[in-house]
Each structure stands twice: as C-alpha cells, then as structure tokens.
Amino acid sequence: MTTQDLTAVEAGAVGNPGAPAPGARQVWRRLRAQRAAVPGSAVIALLVLVALAAPLLSAIEGQNTTSYHPELVDSASGGVPIGSFGGISGDHWLGVEPGTGRDMFSRLVHGAQISLAVALGATAVQILVGVGTGLAAGLGNRFVDNLLSRVTDVMITMPALVFAIALMAVVPDGFPRPLLLALIIGFVAWGSISKLVRAQVLSLKSLDYVAASRLAGSGTWRIARRELLPSLVAPVITYAALLIPANMVIESGLSFLGIGVKPPTPSWGQMLSSANTWYEADPAYVLLPAAMLFISVLAFTVLADGIRTALDPRAASRLRVGTGRKREGAAS
C-alpha cells in the first residue's frame, strides 16, 4: 500500500477518532443502502463458498486438479485443446489446460482456495503486527515512539515485492508454500496499518474519556484494551478490506513470477504465468483466471468503500454508484 493510499485512508476511512462506534445493525443498514456494496458482498460470499466447496464441486464434475488428459489436446499443434473454447464439454465444464489436458474448472475453483487463504492469512498477520506496533508507538515514551516509527518508515519505503522475492528464494521447498506466502506478505507489508493506528492512538489519547481512565488508575495496556481498541475497530476493518485485494494481487504476482505456489498446486497467478505462451492459441486459458482475479479484487474494493461509508456516513463514497443522499440519509 503506497503513501498516497495511506493518506486517503486516513482522510476518508478513519473519520472522527472521537466518535462512538456505530452498532452492528446500524452499520448493516447503512451498508445495504450502498448499491454497489450489496452486489460486491454477494460476489465475495459466492467466491468464499466456491473456495470452501472446491473439492465437492470437482467431485460433482468428476475431475481433479492433477489428472492429465493427453487425448484432449492436439499434440501436432503443440498441445492446443481439441474443440471450441478450450475444449469445453460435458466432462470438462470450462475446458482443459493446454499441453497437459488438466481440467480447468477444477484448477480454477481450487485456485480460489489458495488466493483467498493467502490473502486472508497475510491480512491477519498485517493487522496483528501493525496494530501491535502502532499501539506501542502511540502509547510509548518518546524513545519507543521514535524507534518504532523509524522501523515502520523503513518497512513502508522498502520494496516489498523485491524483499518477498528474496525471502521466497531462500526458504526450502519443503515449507508449505501458501503458508510461506501469507507470512512473508504479512511481515513485509504491515507498515501502513501501523502508521494508521499510531495516528489514531495519538488523537484518542487527548480525549476526555481516556484521560478519565488514566486518572482512575488504569494502566497503559488496560487503557489500550478497554478505551482505545474499540475505537480502532472501524478504521482497522476498513483498512483490512482494502488489504485483502492488494494481497491477492501480490500473491498472484509472485506465483506469476514462478516463486509463489509450486505446481501441481493450482493458483490463479500460476495459471496466468503458464498462459503466457497460449494467449493466442487458447484465449480462454488466459481470460478465466484473469477474470476471476479481476472480479475478486473489484468486489473487495467495492465492499471496502461501502464499509468505510457505513462506519462513517459523513465520509462520501468514492464510487458514483449508490451514493444518493436520500438513501444515505434514510439509512442513517
């Protein structure tokens, strides 16, 4: 996440640090009033359902991710699938993979598992490390604040993708690749959320109810747990919704470069990397994983905007769809 993205989040997603967090029902009403957020949520729910049910869906089709079907590709033309649209048939709902004849539908739905699992795992690591570091910097003395702030600045300015590539290259192949991806992406990209949390904590520290808790004898971490963390829920949730699609893109990029998920484990980025040489002979092999990645990233981005607006109705949506004042006024 770039510095410009962080500035946008601090300006729009955070809202008023001193405002009480709205109730779950109120947030849900506001979220439903966002016309774009509702279909975005539906797409994400469907994507999660497909990822969870991937083994069942493959079993219904009668295929798996690893079986080769050389009889379904034309060896004379270099392995192009036989038939229209990548060899679509009753046995292979989305056709087969060029060269190998592996089932595309099965690999696509199992690839959703990898993309979502890595993105969610990396986001969880970023939140844990970023929120912890931001709280420590905001509540610590000047030395602790300066030290953690400089470390955070280094993490933000460091080329995360290059650092991730270097780490992926030195870790033994026996380590589970999806878990490794989640850990590396999470640990190299937590700086922005740490800066966000630190800024929020510094603003909240000056409020009356935090001062009253301190005068009542509460310790630093008791204040953090009971007074500060509830007020940080809204901006952290909003930022997390933005991190998930960013992490999906990073995972796909690493797999595309050949240092992410290793074959035969399916991944959308890995499929796009393999499709480099087939985009003319078999366009479906490129379009299917690219479309899934695009739709997923778009749905999470739209939902993040809806969540931001629902948590802070005074912040106008950045989308042109579903921003009518009458609907927002009625929902709030």
# chains A, B, ... in the order shown; residues from 1 in each chain; ligands from 1
>>> closest_atom_pairs(of="segment 232-282 of chain A", to="segment 190-197 of chain A", cutoff="10 Å", atoms="only C-alpha atoms", output="CSV")
residue,atom,partner,partner_atom,distance
A:Leu232,CA,A:Val197,CA,7.3
A:Pro235,CA,A:Leu196,CA,8.3
A:Val236,CA,A:Ile193,CA,7.7
A:Tyr239,CA,A:Ile193,CA,7.4
A:Ala240,CA,A:Ile193,CA,8.7
A:Leu243,CA,A:Ile193,CA,9.4
>>> residues_around(residues="segment 152-164 of chain A", least_positions_apart="3", cutoff="10 Å", atoms="only C-alpha atoms", output="MDAnalysis selection string")
chainID A and resid 1:3 130 133:134 137 146:149 167:169 181 183:195 250:251 253:254 259:260
>>> residues_around(residues="segment 92-101 of chain A", least_positions_apart="5", cutoff="9 Å", atoms="only C-alpha atoms", output="short mmCIF file (atom, residue, chain, number, x, y, z; two decimals) with N, CA and C atoms, in the first residue's frame")
data_model
loop_
_atom_site.label_atom_id
_atom_site.label_comp_id
_atom_site.auth_asym_id
_atom_site.auth_seq_id
_atom_site.Cartn_x
_atom_site.Cartn_y
_atom_site.Cartn_z
N GLU A 61 -18.25 -32.58 -10.83
CA GLU A 61 -17.84 -32.59 -12.23
C GLU A 61 -17.20 -33.92 -12.61
N GLY A 62 -16.61 -34.61 -11.62
CA GLY A 62 -15.95 -35.88 -11.88
C GLY A 62 -14.50 -35.74 -12.29
N GLN A 63 -13.87 -34.60 -11.94
CA GLN A 63 -12.48 -34.35 -12.32
C GLN A 63 -11.68 -33.95 -11.08
N SER A 67 -4.99 -34.78 -12.77
CA SER A 67 -5.07 -35.82 -13.80
C SER A 67 -4.79 -35.23 -15.19
N TYR A 68 -3.89 -35.86 -15.90
CA TYR A 68 -3.56 -35.44 -17.25
C TYR A 68 -4.47 -36.15 -18.25
N HIS A 69 -4.85 -35.42 -19.30
CA HIS A 69 -5.70 -35.98 -20.36
C HIS A 69 -5.06 -35.66 -21.70
N PRO A 70 -3.98 -36.37 -22.06
CA PRO A 70 -3.28 -36.05 -23.32
C PRO A 70 -4.15 -36.26 -24.56
N GLU A 71 -5.19 -37.09 -24.43
CA GLU A 71 -6.05 -37.33 -25.59
C GLU A 71 -6.93 -36.13 -25.91
N LEU A 72 -7.01 -35.14 -24.99
CA LEU A 72 -7.86 -33.97 -25.21
C LEU A 72 -7.10 -32.78 -25.78
N VAL A 73 -5.81 -32.93 -26.02
CA VAL A 73 -5.03 -31.86 -26.62
C VAL A 73 -4.41 -32.35 -27.92
N ASP A 74 -4.21 -31.43 -28.82
CA ASP A 74 -3.67 -31.76 -30.14
C ASP A 74 -2.15 -31.63 -30.10
N SER A 75 -1.47 -32.77 -30.03
CA SER A 75 -0.01 -32.76 -29.94
C SER A 75 0.63 -32.20 -31.20
N GLY A 78 1.11 -28.52 -30.86
CA GLY A 78 1.82 -28.08 -29.67
C GLY A 78 1.08 -28.25 -28.37
N GLY A 79 -0.09 -28.87 -28.40
CA GLY A 79 -0.83 -29.11 -27.16
C GLY A 79 -2.05 -28.24 -27.00
N VAL A 80 -2.57 -27.67 -28.08
CA VAL A 80 -3.79 -26.85 -28.02
C VAL A 80 -4.98 -27.76 -27.74
N PRO A 81 -5.88 -27.39 -26.83
CA PRO A 81 -7.05 -28.23 -26.55
C PRO A 81 -7.89 -28.48 -27.79
N ILE A 82 -8.39 -29.70 -27.91
CA ILE A 82 -9.24 -30.07 -29.03
C ILE A 82 -10.66 -29.59 -28.75
N GLY A 83 -11.25 -28.88 -29.68
CA GLY A 83 -12.61 -28.40 -29.51
C GLY A 83 -12.65 -26.88 -29.32
N SER A 84 -13.86 -26.37 -29.26
CA SER A 84 -14.05 -24.92 -29.14
C SER A 84 -13.91 -24.46 -27.70
N PHE A 85 -13.49 -23.19 -27.52
CA PHE A 85 -13.39 -22.54 -26.20
C PHE A 85 -12.58 -23.37 -25.21
N GLY A 86 -11.43 -23.83 -25.68
CA GLY A 86 -10.54 -24.56 -24.78
C GLY A 86 -10.96 -25.97 -24.48
N GLY A 87 -11.80 -26.56 -25.32
CA GLY A 87 -12.21 -27.95 -25.12
C GLY A 87 -13.35 -28.13 -24.14
N SER A 106 -11.75 -27.47 -12.31
CA SER A 106 -11.23 -27.94 -11.03
C SER A 106 -10.05 -27.10 -10.56
N ALA A 275 -0.08 -19.37 -18.92
CA ALA A 275 -0.85 -18.95 -20.09
C ALA A 275 -0.10 -17.98 -20.99
N TRP A 278 0.16 -19.20 -24.43
CA TRP A 278 -1.05 -19.77 -25.03
C TRP A 278 -2.13 -18.73 -25.31
N ALA A 281 -3.35 -19.09 -29.01
CA ALA A 281 -3.92 -20.39 -29.38
C ALA A 281 -5.13 -20.74 -28.53
N ASP A 282 -5.13 -20.35 -27.25
CA ASP A 282 -6.23 -20.69 -26.35
C ASP A 282 -6.52 -19.50 -25.43
N ALA A 284 -9.06 -18.65 -23.75
CA ALA A 284 -9.81 -18.97 -22.52
C ALA A 284 -8.88 -19.26 -21.36
N TYR A 285 -7.72 -19.83 -21.64
CA TYR A 285 -6.78 -20.18 -20.58
C TYR A 285 -6.24 -18.93 -19.89
N LEU A 288 -9.89 -16.82 -18.16
CA LEU A 288 -10.59 -17.36 -16.99
C LEU A 288 -9.93 -16.97 -15.67
#
